[in-house]
$ cat query16.cif   # mmCIF, C-alpha atoms and all ligand atoms
data_my_file
#
loop_
_atom_site.label_atom_id
_atom_site.label_comp_id
_atom_site.auth_asym_id
_atom_site.auth_seq_id
_atom_site.Cartn_x
_atom_site.Cartn_y
_atom_site.Cartn_z
CA MET A 1 -11.90 43.54 89.74
CA LYS A 2 -10.41 40.56 87.95
CA ILE A 3 -8.38 41.66 84.96
CA SER A 4 -8.45 39.53 81.88
CA LEU A 5 -5.19 39.05 80.07
CA SER A 6 -6.65 36.18 78.09
CA GLY A 7 -5.36 35.62 74.64
CA VAL A 8 -1.93 36.78 75.67
CA SER A 9 0.68 34.38 76.88
CA PRO A 10 4.14 35.27 78.13
CA LEU A 11 5.60 33.66 75.05
CA SER A 12 3.35 35.44 72.57
CA SER A 13 3.36 38.74 74.43
CA GLY A 14 5.32 41.81 73.53
CA ALA A 15 7.44 41.50 76.67
CA GLY A 16 10.78 43.09 76.03
CA ILE A 17 9.78 44.95 72.86
CA GLU A 18 8.96 48.39 74.25
CA SER A 19 10.65 49.73 77.36
CA GLU A 20 9.97 52.57 79.75
CA HIS A 21 12.22 54.05 82.41
CA VAL A 22 10.42 54.87 85.67
CA ARG A 23 11.72 56.16 88.95
CA VAL A 24 9.45 54.08 91.18
CA LEU A 25 7.78 50.89 90.00
CA ILE A 26 5.26 49.24 92.29
CA LEU A 27 4.17 45.65 91.76
CA GLY A 28 0.63 45.12 93.03
CA SER A 29 -2.49 47.25 93.37
CA GLY A 30 -3.69 46.09 96.80
CA PRO A 31 -3.63 48.29 99.90
CA ALA A 32 0.18 48.09 100.15
CA GLY A 33 0.81 48.97 96.50
CA LEU A 34 -1.72 51.80 96.33
CA SER A 35 -0.54 53.33 99.61
CA ALA A 36 3.04 53.21 98.37
CA ALA A 37 1.83 54.88 95.16
CA LEU A 38 0.18 57.69 97.12
CA TYR A 39 3.34 58.47 99.06
CA ALA A 40 5.65 58.23 96.05
CA ALA A 41 3.26 60.36 93.98
CA ARG A 42 3.15 63.07 96.61
CA ALA A 43 6.95 63.19 96.37
CA ASP A 44 6.52 63.97 92.65
CA LEU A 45 8.05 60.70 91.55
CA ASN A 46 5.23 59.71 89.16
CA PRO A 47 5.15 56.10 90.34
CA VAL A 48 3.77 53.39 88.09
CA VAL A 49 1.72 50.59 89.62
CA LEU A 50 1.37 47.26 87.84
CA ALA A 51 -2.09 46.15 88.90
CA GLY A 52 -1.59 42.41 88.41
CA MET A 53 -4.53 40.08 87.90
CA GLU A 54 -6.57 41.47 90.80
CA MET A 55 -7.01 45.24 90.69
CA GLY A 56 -7.32 46.28 94.33
CA GLY A 57 -5.96 43.01 95.69
CA GLN A 58 -7.66 40.73 98.17
CA VAL A 59 -9.66 43.43 99.89
CA ALA A 60 -11.57 44.08 96.67
CA LEU A 61 -13.03 40.60 97.16
CA THR A 62 -14.67 41.38 100.46
CA TYR A 63 -18.13 42.81 100.80
CA THR A 64 -17.55 45.12 103.75
CA VAL A 65 -14.51 46.29 105.67
CA GLU A 66 -15.39 47.41 109.17
CA ASN A 67 -11.97 47.66 110.74
CA TYR A 68 -10.30 50.29 108.57
CA PRO A 69 -10.27 53.57 110.51
CA GLY A 70 -12.15 56.53 109.11
CA PHE A 71 -15.24 54.59 108.07
CA PRO A 72 -17.43 54.31 111.17
CA GLU A 73 -20.22 52.66 109.17
CA GLY A 74 -17.82 50.33 107.32
CA VAL A 75 -16.94 50.54 103.64
CA GLY A 76 -17.21 48.14 100.73
CA GLY A 77 -13.90 46.41 99.95
CA GLN A 78 -14.11 47.42 96.30
CA GLU A 79 -15.08 50.97 97.23
CA LEU A 80 -12.16 51.27 99.65
CA VAL A 81 -9.54 50.32 97.07
CA GLU A 82 -11.17 52.60 94.50
CA LEU A 83 -10.71 55.44 96.98
CA PHE A 84 -7.07 54.42 97.51
CA GLN A 85 -6.59 54.42 93.74
CA LYS A 86 -8.30 57.77 93.21
CA GLN A 87 -6.18 59.40 95.90
CA ALA A 88 -2.92 58.05 94.47
CA GLU A 89 -3.89 59.06 90.92
CA ARG A 90 -4.76 62.57 92.06
CA PHE A 91 -1.08 63.14 92.84
CA GLY A 92 0.23 61.62 89.62
CA ALA A 93 0.42 57.85 90.16
CA ARG A 94 -0.34 55.78 87.08
CA ILE A 95 -1.93 52.35 87.16
CA ASP A 96 -0.98 49.99 84.34
CA PHE A 97 -3.17 46.93 83.92
CA ASP A 98 -0.25 44.66 83.49
CA LEU A 99 1.49 41.81 85.26
CA ALA A 100 5.19 41.39 86.04
CA LEU A 101 6.45 38.18 84.44
CA GLU A 102 10.16 38.29 85.05
CA VAL A 103 12.53 40.46 87.06
CA ASN A 104 16.25 41.07 86.93
CA LEU A 105 17.35 42.79 90.12
CA ARG A 106 21.05 42.34 89.45
CA GLU A 107 21.05 45.12 86.86
CA ARG A 108 20.65 48.86 87.43
CA PRO A 109 18.08 50.10 86.68
CA PHE A 110 16.11 47.02 87.68
CA VAL A 111 14.54 45.25 84.72
CA ILE A 112 10.92 44.13 85.02
CA LYS A 113 9.34 42.40 82.07
CA ALA A 114 5.58 42.60 81.88
CA TYR A 115 3.09 41.55 79.19
CA SER A 116 2.95 44.85 77.38
CA LYS A 117 6.45 46.23 77.89
CA THR A 118 9.69 46.13 79.85
CA TYR A 119 10.04 48.54 82.75
CA LEU A 120 13.42 49.89 83.83
CA ALA A 121 13.05 51.02 87.42
CA ASP A 122 15.36 53.02 89.69
CA THR A 123 13.53 51.62 92.71
CA LEU A 124 11.12 48.76 93.05
CA ILE A 125 8.40 48.27 95.65
CA ILE A 126 7.07 44.74 95.78
CA ALA A 127 3.49 44.58 97.01
CA THR A 128 2.34 41.40 95.32
CA GLY A 129 0.45 40.18 98.39
CA ALA A 130 -0.46 36.63 99.22
CA THR A 131 -3.14 34.21 98.25
CA PRO A 132 -4.99 32.24 100.92
CA ASN A 133 -4.77 28.56 100.10
CA HIS A 134 -8.04 27.30 98.72
CA LEU A 135 -9.81 24.01 99.18
CA ASN A 136 -10.61 23.95 95.47
CA VAL A 137 -13.99 22.34 95.99
CA PRO A 138 -17.24 23.12 94.16
CA GLY A 139 -19.03 26.18 95.55
CA GLU A 140 -15.95 27.71 97.20
CA LYS A 141 -15.21 30.33 94.57
CA GLU A 142 -18.86 31.21 93.90
CA LEU A 143 -19.63 31.71 97.61
CA THR A 144 -16.48 33.62 98.59
CA GLY A 145 -17.70 36.77 100.33
CA LYS A 146 -21.16 35.15 100.71
CA GLY A 147 -20.32 32.95 103.66
CA VAL A 148 -16.98 31.55 102.56
CA SER A 149 -14.18 33.51 104.19
CA TYR A 150 -10.45 33.36 104.74
CA CYS A 151 -10.38 35.97 107.52
CA ALA A 152 -12.19 35.65 110.86
CA THR A 153 -11.06 39.07 112.11
CA CYS A 154 -12.62 40.58 109.02
CA ASP A 155 -15.83 38.63 108.68
CA GLY A 156 -16.52 37.06 112.09
CA TRP A 157 -18.91 39.80 113.11
CA PHE A 158 -21.31 38.85 110.31
CA PHE A 159 -21.86 35.46 111.92
CA LYS A 160 -23.47 36.59 115.18
CA ASP A 161 -25.49 33.65 116.58
CA LYS A 162 -24.83 31.61 113.47
CA ASP A 163 -23.31 28.17 112.96
CA VAL A 164 -19.97 28.07 111.20
CA VAL A 165 -17.47 25.51 110.02
CA VAL A 166 -13.73 26.14 110.28
CA VAL A 167 -11.46 24.11 108.01
CA GLY A 168 -7.91 23.37 109.18
CA GLY A 169 -6.02 21.98 112.14
CA GLY A 170 -3.10 24.34 112.61
CA ASP A 171 -2.59 27.38 114.82
CA SER A 172 -4.52 29.70 112.50
CA ALA A 173 -7.54 27.41 112.35
CA LEU A 174 -7.73 27.14 116.14
CA GLU A 175 -6.92 30.76 116.86
CA GLU A 176 -9.50 31.96 114.38
CA GLY A 177 -11.99 29.30 115.51
CA ILE A 178 -11.68 30.49 119.12
CA PHE A 179 -12.03 34.10 117.93
CA LEU A 180 -15.20 33.18 116.03
CA THR A 181 -16.87 31.89 119.22
CA ARG A 182 -17.22 35.55 120.26
CA TYR A 183 -19.90 35.81 117.63
CA ALA A 184 -20.98 32.42 116.36
CA ARG A 185 -23.41 30.10 118.13
CA SER A 186 -21.30 27.10 117.19
CA VAL A 187 -17.95 26.46 115.53
CA ALA A 188 -17.22 23.03 114.05
CA ILE A 189 -13.54 22.52 113.30
CA VAL A 190 -13.12 20.16 110.37
CA HIS A 191 -9.69 18.60 110.13
CA ARG A 192 -8.52 15.97 107.67
CA ARG A 193 -6.25 14.21 110.17
CA ASP A 194 -6.96 12.59 113.54
CA THR A 195 -4.69 14.97 115.48
CA LEU A 196 -4.36 18.73 115.41
CA ARG A 197 -1.15 20.44 114.36
CA ALA A 198 -1.84 23.50 116.56
CA GLY A 199 0.18 24.20 119.72
CA ALA A 200 -0.85 22.58 123.01
CA ILE A 201 -2.17 25.73 124.67
CA LEU A 202 -4.39 26.55 121.74
CA GLN A 203 -5.65 22.98 121.62
CA LYS A 204 -6.51 23.10 125.32
CA ARG A 205 -8.32 26.41 124.92
CA ALA A 206 -10.29 25.13 121.96
CA ARG A 207 -11.25 21.87 123.67
CA GLU A 208 -12.42 23.75 126.76
CA ASN A 209 -14.61 26.06 124.72
CA SER A 210 -18.16 24.78 124.84
CA LYS A 211 -19.04 26.33 121.47
CA ILE A 212 -16.33 24.37 119.64
CA SER A 213 -16.69 20.83 118.33
CA PHE A 214 -14.28 18.79 116.21
CA LEU A 215 -14.74 16.61 113.18
CA PHE A 216 -11.52 14.64 112.69
CA ASN A 217 -10.52 12.64 109.64
CA THR A 218 -13.00 14.74 107.74
CA ILE A 219 -12.79 16.90 104.65
CA VAL A 220 -15.16 19.36 102.99
CA THR A 221 -15.91 18.18 99.47
CA GLU A 222 -18.53 20.80 98.48
CA ILE A 223 -19.95 24.10 99.71
CA ILE A 224 -23.62 24.48 98.92
CA GLY A 225 -25.84 27.57 98.61
CA GLN A 226 -27.14 30.10 96.11
CA ASP A 227 -26.65 33.63 97.46
CA ALA A 228 -25.32 32.44 100.82
CA VAL A 229 -23.74 29.33 102.27
CA ARG A 230 -26.36 26.84 103.47
CA GLN A 231 -24.58 23.49 103.76
CA VAL A 232 -21.29 21.68 103.39
CA ARG A 233 -20.79 18.19 102.09
CA LEU A 234 -18.38 16.31 104.35
CA ARG A 235 -16.50 13.07 103.88
CA ASN A 236 -14.81 10.87 106.44
CA VAL A 237 -11.46 10.05 104.85
CA GLN A 238 -11.20 6.71 106.67
CA THR A 239 -14.65 5.28 106.07
CA GLY A 240 -15.55 7.20 102.91
CA GLU A 241 -18.93 8.07 104.46
CA GLU A 242 -20.41 11.33 103.12
CA TRP A 243 -23.05 13.56 104.67
CA LEU A 244 -24.47 17.09 104.53
CA ARG A 245 -24.19 19.54 107.40
CA ASP A 246 -26.14 22.78 107.69
CA THR A 247 -23.94 25.82 108.21
CA ASP A 248 -24.05 29.58 107.69
CA GLY A 249 -20.36 30.05 107.04
CA VAL A 250 -17.17 28.27 106.08
CA PHE A 251 -13.87 29.73 107.26
CA ILE A 252 -10.86 28.24 105.51
CA PHE A 253 -7.46 28.35 107.25
CA ILE A 254 -5.24 25.95 105.42
CA GLY A 255 -2.33 28.34 104.97
CA HIS A 256 -1.37 31.34 102.86
CA SER A 257 1.04 31.50 99.97
CA PRO A 258 2.89 34.75 99.32
CA ASN A 259 3.06 35.75 95.66
CA THR A 260 6.84 35.83 95.55
CA GLN A 261 7.77 33.14 93.01
CA LEU A 262 9.11 35.84 90.65
CA PHE A 263 11.86 36.78 93.08
CA GLU A 264 13.18 33.33 93.91
CA GLY A 265 16.96 33.18 93.72
CA GLN A 266 17.26 36.98 93.86
CA LEU A 267 15.63 38.07 97.11
CA GLU A 268 15.92 36.52 100.55
CA MET A 269 12.83 34.72 101.75
CA ASP A 270 11.87 32.77 104.84
CA ALA A 271 11.04 29.07 104.79
CA ASN A 272 7.47 29.88 103.70
CA ARG A 273 8.64 32.15 100.88
CA TYR A 274 7.70 35.46 102.56
CA LEU A 275 10.16 38.17 101.55
CA ILE A 276 12.54 39.17 104.31
CA VAL A 277 12.72 42.91 104.92
CA ASP A 278 14.46 44.96 107.57
CA ARG A 279 12.71 47.56 109.73
CA LEU A 280 12.98 50.01 106.84
CA MET A 281 11.15 47.65 104.45
CA GLN A 282 14.32 47.03 102.48
CA THR A 283 15.08 43.62 101.02
CA ASN A 284 18.60 42.26 100.67
CA ILE A 285 19.01 44.35 97.48
CA PRO A 286 19.36 48.11 98.11
CA GLY A 287 16.61 49.95 96.27
CA VAL A 288 14.21 47.01 96.34
CA PHE A 289 11.56 47.31 99.03
CA ALA A 290 8.69 45.02 99.96
CA ALA A 291 5.43 45.74 101.75
CA GLY A 292 2.16 44.10 102.70
CA GLU A 293 1.40 40.43 102.74
CA ALA A 294 4.27 39.48 100.42
CA ALA A 295 6.50 40.27 103.38
CA ASP A 296 4.10 39.78 106.28
CA PRO A 297 3.07 36.37 107.57
CA TYR A 298 1.75 37.84 110.83
CA PHE A 299 -0.82 40.64 110.58
CA ARG A 300 -2.44 40.35 107.15
CA GLN A 301 -4.80 43.30 107.39
CA VAL A 302 -5.61 46.26 105.17
CA ILE A 303 -4.29 48.74 107.71
CA THR A 304 -1.00 46.95 108.31
CA SER A 305 -0.44 46.37 104.59
CA ALA A 306 -1.20 50.01 103.81
CA GLY A 307 1.16 51.11 106.59
CA MET A 308 3.95 48.95 105.23
CA GLY A 309 3.31 50.35 101.73
CA ALA A 310 3.60 53.91 102.98
CA ALA A 311 6.80 53.06 104.87
CA ALA A 312 8.34 51.34 101.84
CA ALA A 313 7.60 54.38 99.66
CA MET A 314 9.13 56.74 102.22
CA ARG A 315 12.30 54.69 102.16
CA ALA A 316 12.26 54.49 98.35
CA ILE A 317 12.04 58.30 98.25
CA HIS A 318 14.96 58.53 100.69
CA TYR A 319 16.96 56.03 98.61
CA LEU A 320 16.46 58.06 95.42
CA GLN A 321 17.40 61.29 97.21
CA GLU A 322 20.62 59.75 98.50
CA ARG A 323 21.50 58.39 95.07
CA SER A 324 20.97 61.73 93.36
CA ALA A 325 23.03 63.48 96.08
CA GLU A 326 25.83 60.96 95.47
CA LYS A 327 25.71 61.67 91.73
CA VAL A 328 25.93 65.44 92.30
CA SER A 329 28.91 65.15 94.64
CA ALA A 330 30.72 62.61 92.39
C1 LIG B 1 -12.17 37.67 101.62
C2 LIG B 1 -11.22 38.56 102.38
C3 LIG B 1 -11.72 39.50 103.25
C4 LIG B 1 -10.85 40.34 103.93
N1 LIG B 1 -11.39 41.27 104.76
C5 LIG B 1 -10.57 42.12 105.44
C6 LIG B 1 -11.11 43.11 106.33
O1 LIG B 1 -12.33 43.23 106.49
N2 LIG B 1 -10.21 43.91 106.95
C7 LIG B 1 -8.87 43.81 106.80
O2 LIG B 1 -8.12 44.59 107.39
N3 LIG B 1 -8.33 42.87 105.99
C8 LIG B 1 -9.14 42.02 105.31
N4 LIG B 1 -8.61 41.05 104.52
C9 LIG B 1 -7.15 40.99 104.37
C10 LIG B 1 -6.67 42.10 103.39
O3 LIG B 1 -7.42 42.06 102.22
C11 LIG B 1 -5.19 41.91 103.08
O4 LIG B 1 -4.46 41.94 104.27
C12 LIG B 1 -4.66 43.01 102.15
O5 LIG B 1 -5.41 43.08 100.97
C13 LIG B 1 -3.20 42.73 101.80
O6 LIG B 1 -2.78 43.80 100.98
P1 LIG B 1 -1.52 43.68 100.01
O7 LIG B 1 -1.49 44.95 99.24
O8 LIG B 1 -0.32 43.29 100.76
O9 LIG B 1 -1.80 42.45 99.04
P2 LIG B 1 -3.05 42.01 98.18
O10 LIG B 1 -4.30 42.63 98.62
O11 LIG B 1 -2.95 40.52 98.18
O12 LIG B 1 -2.72 42.57 96.74
C14 LIG B 1 -1.70 42.02 95.97
C15 LIG B 1 -1.69 42.71 94.63
O13 LIG B 1 -0.54 42.26 93.90
C16 LIG B 1 -0.91 42.00 92.56
N5 LIG B 1 0.07 41.09 91.99
C17 LIG B 1 0.34 39.81 92.33
N6 LIG B 1 1.31 39.33 91.53
C18 LIG B 1 1.66 40.34 90.67
C19 LIG B 1 2.59 40.46 89.62
N7 LIG B 1 3.37 39.44 89.23
N8 LIG B 1 2.68 41.64 88.96
C20 LIG B 1 1.91 42.69 89.32
N9 LIG B 1 1.01 42.63 90.32
C21 LIG B 1 0.88 41.46 90.98
C22 LIG B 1 -2.34 41.47 92.68
O14 LIG B 1 -3.03 41.60 91.44
C23 LIG B 1 -2.88 42.43 93.72
O15 LIG B 1 -3.30 43.63 93.12
C24 LIG B 1 -9.45 40.20 103.79
C25 LIG B 1 -8.94 39.25 102.91
C26 LIG B 1 -9.80 38.43 102.21
C27 LIG B 1 -9.24 37.41 101.26
#
$ encode --input "query16.cif" --output "structure tokens" --more "lines below"
Ligand SMILES: Cc1cc2nc3c(=O)[nH]c(=O)nc-3n(C[C@H](O)[C@H](O)[C@H](O)COP(=O)(O)OP(=O)(O)OC[C@H]3O[C@@H](n4cnc5c(N)ncnc54)[C@H](O)[C@@H]3O)c2cc1C
Amino acid sequence: MKISLSGVSPLSSGAGIESEHVRVLILGSGPAGLSAALYAARADLNPVVLAGMEMGGQVALTYTVENYPGFPEGVGGQELVELFQKQAERFGARIDFDLALEVNLRERPFVIKAYSKTYLADTLIIATGATPNHLNVPGEKELTGKGVSYCATCDGWFFKDKDVVVVGGGDSALEEGIFLTRYARSVAIVHRRDTLRAGAILQKRARENSKISFLFNTIVTEIIGQDAVRQVRLRNVQTGEEWLRDTDGVFIFIGHSPNTQLFEGQLEMDANRYLIVDRLMQTNIPGVFAAGEAADPYFRQVITSAGMGAAAAMRAIHYLQERSAEKVSA
């Protein structure tokens, strides 16, 4: 569910006017955030989740999830996160439809300014996820979940004996393209340059796969279809020639961007701006934990994100227990 905060800008908002002290604040309502909320709620910590712009996170965008255990027939993405939410709320978690705008992690409690108020948090769990990079071409947004996908592991199965286009030339594009040949009849890899960026072994594997073909120096300029993808408009970047190609699916692998801009200068990040956490989900600031895709460039699944969320909450609980024990003995 996309939340509308229209009409409110950071400058005109009430950020900073009202404040609330919470023990556990969770940024993000995707699988990581809602799993963290469940664990913190069951420890009687009354966690507050800031939902952000996308209640339920990325998984709410997908039609069916077939690889989350416990649902042998699959489950709707939206339905799955609603179940996560319901379960967390049952134990006392609260979801605020608000967005963190600014954080100060140098102060204790941590200060998080959102649109409607300022939160003062004893512990913070960052589960702001990541956003797959988009092509930003006509038809992409409208057909997401209807043939446009950013996840072959998730959606590949729906393309049994179908023709698909994969956009990208890096490791992900080739890895996912090769994976898609398990299902698809054909996989056309569309890459804007004349050479692939992917590693040599992957390139060899892809070239040897009879289902894979390559379209170099080519970009997708439009994705066409009503209720499902039917065609893509392609353009050769050298000659300018344009043509239409029939396809049942478009898989886009042109990188992911973690939603971590808010923490720049305060939390350690890798070169691609993923938050760096230790094995206990802790960032470089004690009491600030991170989970899910904001801190995970590798797995990017509902189950792994949920697992990281649960782990982060367990450590946040431990952190609060230690701090209150210190206070008692002081
Ligand atoms: C189309 C699609 C289909 C997919 N299908 C599958 C599948 O079938 N199986 C599978 O395992 N995985 C699937 N995935 C991947 C899966 O959705 C992600 O791995 C998972 O959602 C990541 O969870 P997360 O909680 O880390 O982050 P996200 O789901 O990205 O959630 C991030 C949350 O943070 C919030 N947020 C961001 N910034 C702020 C802020 N400043 N303040 C407050 N909140 C903020 C957002 O609103 C959102 O609620 C799919 C992904 C896509 C895009």
$ residues_near_ligand --input "query16.cif" --ligand "ligand LIG 1 (chain B)" --cutoff "6 Å" --atoms "all atoms listed in the file" --output "count of residues only"
43
$ closest_residue --input "query16.cif" --among "A:Thr218, A:Ser257, A:Ser172, A:Gln266" --to "Gln238 in chain A" --atoms "all atoms listed in the file"
A:Thr218
$ residues_around --input "query16.cif" --residues "Gln87 in chain A" --least-positions-apart "6" --cutoff "10 Å" --atoms "all atoms listed in the file" --output "mmCIF file with C-alpha atoms, in the coordinates of the input"
data_model
loop_
_atom_site.group_PDB
_atom_site.id
_atom_site.type_symbol
_atom_site.label_atom_id
_atom_site.label_comp_id
_atom_site.auth_asym_id
_atom_site.auth_seq_id
_atom_site.Cartn_x
_atom_site.Cartn_y
_atom_site.Cartn_z
ATOM 1 C CA LEU A 34 -1.720 51.800 96.330
ATOM 2 C CA SER A 35 -0.540 53.330 99.610
ATOM 3 C CA ALA A 37 1.830 54.880 95.160
ATOM 4 C CA LEU A 38 0.180 57.690 97.120
ATOM 5 C CA ALA A 41 3.260 60.360 93.980
ATOM 6 C CA VAL A 81 -9.540 50.320 97.070
ATOM 7 C CA ALA A 93 0.420 57.850 90.160
#
$ residues_around --input "query16.cif" --residues "Val111 in chain A" --least-positions-apart "6" --cutoff "10 Å" --atoms "all atoms listed in the file" --output "ChimeraX atom specification"
/A:16,19-21,102-105,118-122,124
$ axis_aligned_box --input "query16.cif" --around "range 170-185 of chain A" --padding-each-side "5 Å" --output "AutoDock Vina command-line options"
--center_x -13.0 --center_y 30.1 --center_z 116.3 --size_x 30.8 --size_y 21.5 --size_z 17.9
$ atom_distance --input "query16.cif" --atom1 "CA of Arg108 in chain A" --atom2 "CA of Asp270 in chain A"
25.3 Å
$ closest_residue --input "query16.cif" --among "A:Ile276, A:Leu135, A:Ala313, A:Val288" --to "Val250 in chain A" --atoms "all atoms listed in the file"
A:Leu135
$ residues_around --input "query16.cif" --residues "His134 in chain A" --least-positions-apart "2" --cutoff "9 Å" --atoms "all atoms listed in the file" --output "PyMOL selection string"
chain A and resi 131-132+136-137+140-141+150+252-256
$ residues_around --input "query16.cif" --residues "Phe158 in chain A" --least-positions-apart "5" --cutoff "9 Å" --atoms "only C-alpha atoms" --output "list in words"
Gly147, Tyr183 and Ala184 of chain A
$ write_last_selection --input "query16.cif" --atoms "C-alpha atoms" --output "JSON list (two decimals), in the frame of the given file"
[["chain", "number", "residue", "atom", "x", "y", "z"],
["A", 147, "GLY", "CA", -20.32, 32.95, 103.66],
["A", 183, "TYR", "CA", -19.90, 35.81, 117.63],
["A", 184, "ALA", "CA", -20.98, 32.42, 116.36]]
$ residues_around --input "query16.cif" --residues "range 228-232 of chain A" --least-positions-apart "2" --cutoff "12 Å" --atoms "all atoms listed in the file" --output "VMD selection string"
chain A and resid 137 to 149 159 162 to 167 188 190 218 to 226 234 to 235 242 to 251
$ closest_residue --input "query16.cif" --among "A:Gly70, A:Gly199, A:Gly287, A:Gly92" --to "Pro47 in chain A" --atoms "all atoms listed in the file"
A:Gly92
$ closest_residue --input "query16.cif" --among "A:Gly265, A:Phe214, A:Ala173, A:Ala206" --to "Ile189 in chain A" --atoms "all atoms listed in the file"
A:Phe214
